[in-house]
Amino acid sequence: MSGAGGLSEQGPQFDQVMALQGHDVPDDLRPGVLAVHLELKRMTSLLRTASLAPEAEPAHVFSVATYLQEP
């Protein structure tokens, strides 16, 4: 995968999210985990078609952006 959503561009953001959530991704598994993360992100955007406000989302739906915000 390459381009705007590629591994090198998304790597630092992925590392930040994993660190904030207390997940330690081993170096040897990181490229594969990051690739799967990006593919799931791409697939999720295809599934998300409703035009609901964020407050109207079901409780089990969340945004990673919420976790990136520092208190």
# chains A, B, ... in the order shown; residues from 1 in each chain; ligands from 1
call {"tool": "residues_around", "arguments": {"residues": "region 19-30 of chain A", "least_positions_apart": "3", "cutoff": "8 Å", "atoms": "only C-alpha atoms", "output": "list in words"}}
result
Asp15, Gln16, Val33, Leu34, Tyr67 and Leu68 of chain A
call {"tool": "closest_residue", "arguments": {"among": "A:Thr44, A:Gln69, A:Ala35, A:Ala56", "to": "Phe14 (chain A)", "atoms": "only C-alpha atoms"}}
result
A:Ala35
call {"tool": "closest_residue", "arguments": {"among": "A:Ala65, A:Leu40, A:Ala53, A:Leu46", "to": "Val17 (chain A)", "atoms": "only C-alpha atoms"}}
result
A:Ala65
call {"tool": "decode", "arguments": {"residues": "region 24-40 of chain A", "atoms": "all heavy atoms", "output": "compact mmCIF listing (two decimals), in the first residue's frame"}}
result
# COMPACT_ATOMS: atom_id res chain seq x y z
N ASP A 24 1.65 -2.60 23.13
CA ASP A 24 3.04 -2.70 22.71
C ASP A 24 3.09 -3.64 21.50
O ASP A 24 2.93 -4.85 21.64
CB ASP A 24 3.89 -3.25 23.85
CG ASP A 24 5.36 -3.34 23.49
OD1 ASP A 24 5.81 -2.57 22.63
OD2 ASP A 24 6.05 -4.19 24.07
N VAL A 25 3.26 -3.06 20.31
CA VAL A 25 3.32 -3.87 19.09
C VAL A 25 4.78 -4.21 18.84
O VAL A 25 5.60 -3.31 18.63
CB VAL A 25 2.72 -3.10 17.88
CG1 VAL A 25 2.80 -3.93 16.62
CG2 VAL A 25 1.29 -2.69 18.17
N PRO A 26 5.14 -5.50 18.85
CA PRO A 26 6.53 -5.90 18.60
C PRO A 26 7.01 -5.41 17.23
O PRO A 26 6.23 -5.38 16.26
CB PRO A 26 6.49 -7.43 18.65
CG PRO A 26 5.25 -7.76 19.43
CD PRO A 26 4.28 -6.65 19.12
N ASP A 27 8.27 -5.03 17.16
CA ASP A 27 8.84 -4.49 15.92
C ASP A 27 8.67 -5.42 14.73
O ASP A 27 8.41 -4.97 13.62
CB ASP A 27 10.32 -4.15 16.10
CG ASP A 27 10.54 -2.97 17.01
OD1 ASP A 27 9.59 -2.16 17.18
OD2 ASP A 27 11.65 -2.84 17.56
N ASP A 28 8.80 -6.73 14.96
CA ASP A 28 8.70 -7.67 13.84
C ASP A 28 7.26 -7.82 13.34
O ASP A 28 7.04 -8.21 12.19
CB ASP A 28 9.29 -9.03 14.20
CG ASP A 28 8.61 -9.68 15.40
OD1 ASP A 28 8.12 -8.93 16.28
OD2 ASP A 28 8.57 -10.92 15.45
N LEU A 29 6.28 -7.50 14.16
CA LEU A 29 4.87 -7.61 13.76
C LEU A 29 4.29 -6.27 13.30
O LEU A 29 3.22 -6.22 12.68
CB LEU A 29 4.03 -8.15 14.91
CG LEU A 29 4.37 -9.54 15.40
CD1 LEU A 29 3.47 -9.92 16.57
CD2 LEU A 29 4.26 -10.56 14.28
N ARG A 30 4.98 -5.16 13.59
CA ARG A 30 4.45 -3.83 13.32
C ARG A 30 4.04 -3.61 11.86
O ARG A 30 2.94 -3.11 11.61
CB ARG A 30 5.46 -2.77 13.74
CG ARG A 30 4.93 -1.36 13.60
CD ARG A 30 6.00 -0.34 14.00
NE ARG A 30 5.54 1.00 13.79
CZ ARG A 30 5.52 1.61 12.60
NH1 ARG A 30 5.96 0.99 11.53
NH2 ARG A 30 5.06 2.84 12.49
N PRO A 31 4.85 -3.96 10.85
CA PRO A 31 4.43 -3.71 9.47
C PRO A 31 3.12 -4.42 9.11
O PRO A 31 2.25 -3.83 8.46
CB PRO A 31 5.59 -4.24 8.62
CG PRO A 31 6.77 -4.20 9.53
CD PRO A 31 6.22 -4.49 10.91
N GLY A 32 2.95 -5.64 9.55
CA GLY A 32 1.73 -6.38 9.26
C GLY A 32 0.52 -5.82 9.99
O GLY A 32 -0.56 -5.68 9.42
N VAL A 33 0.71 -5.47 11.26
CA VAL A 33 -0.39 -4.91 12.06
C VAL A 33 -0.82 -3.56 11.48
O VAL A 33 -2.01 -3.27 11.35
CB VAL A 33 0.01 -4.78 13.54
CG1 VAL A 33 -1.05 -4.04 14.34
CG2 VAL A 33 0.27 -6.15 14.15
N LEU A 34 0.16 -2.75 11.09
CA LEU A 34 -0.15 -1.44 10.50
C LEU A 34 -0.86 -1.61 9.17
O LEU A 34 -1.84 -0.91 8.89
CB LEU A 34 1.13 -0.62 10.33
CG LEU A 34 0.98 0.76 9.70
CD1 LEU A 34 -0.03 1.62 10.45
CD2 LEU A 34 2.34 1.45 9.64
N ALA A 35 -0.43 -2.55 8.35
CA ALA A 35 -1.08 -2.79 7.06
C ALA A 35 -2.54 -3.23 7.25
O ALA A 35 -3.44 -2.75 6.55
CB ALA A 35 -0.31 -3.85 6.26
N VAL A 36 -2.78 -4.11 8.21
CA VAL A 36 -4.16 -4.54 8.50
C VAL A 36 -4.98 -3.38 9.03
O VAL A 36 -6.13 -3.19 8.63
CB VAL A 36 -4.15 -5.72 9.51
CG1 VAL A 36 -5.54 -6.02 10.02
CG2 VAL A 36 -3.55 -6.96 8.86
N HIS A 37 -4.39 -2.57 9.90
CA HIS A 37 -5.09 -1.39 10.43
C HIS A 37 -5.53 -0.47 9.29
O HIS A 37 -6.68 -0.01 9.26
CB HIS A 37 -4.16 -0.65 11.41
CG HIS A 37 -4.58 0.74 11.72
ND1 HIS A 37 -5.66 1.03 12.53
CD2 HIS A 37 -4.08 1.94 11.31
CE1 HIS A 37 -5.80 2.35 12.62
NE2 HIS A 37 -4.86 2.92 11.88
N LEU A 38 -4.63 -0.19 8.36
CA LEU A 38 -4.96 0.70 7.24
C LEU A 38 -6.02 0.09 6.33
O LEU A 38 -6.92 0.79 5.85
CB LEU A 38 -3.70 1.04 6.45
CG LEU A 38 -2.66 1.87 7.20
CD1 LEU A 38 -1.39 2.03 6.37
CD2 LEU A 38 -3.23 3.22 7.59
N GLU A 39 -5.95 -1.21 6.11
CA GLU A 39 -6.96 -1.87 5.27
C GLU A 39 -8.33 -1.85 5.94
O GLU A 39 -9.35 -1.60 5.30
CB GLU A 39 -6.53 -3.30 4.96
CG GLU A 39 -7.47 -4.04 4.03
CD GLU A 39 -7.59 -3.42 2.64
OE1 GLU A 39 -6.77 -2.58 2.25
OE2 GLU A 39 -8.55 -3.80 1.93
N LEU A 40 -8.38 -2.09 7.25
CA LEU A 40 -9.65 -2.03 7.97
C LEU A 40 -10.21 -0.62 7.96
O LEU A 40 -11.42 -0.42 7.84
CB LEU A 40 -9.48 -2.53 9.40
CG LEU A 40 -9.28 -4.04 9.54
CD1 LEU A 40 -8.94 -4.39 10.99
CD2 LEU A 40 -10.50 -4.79 9.09
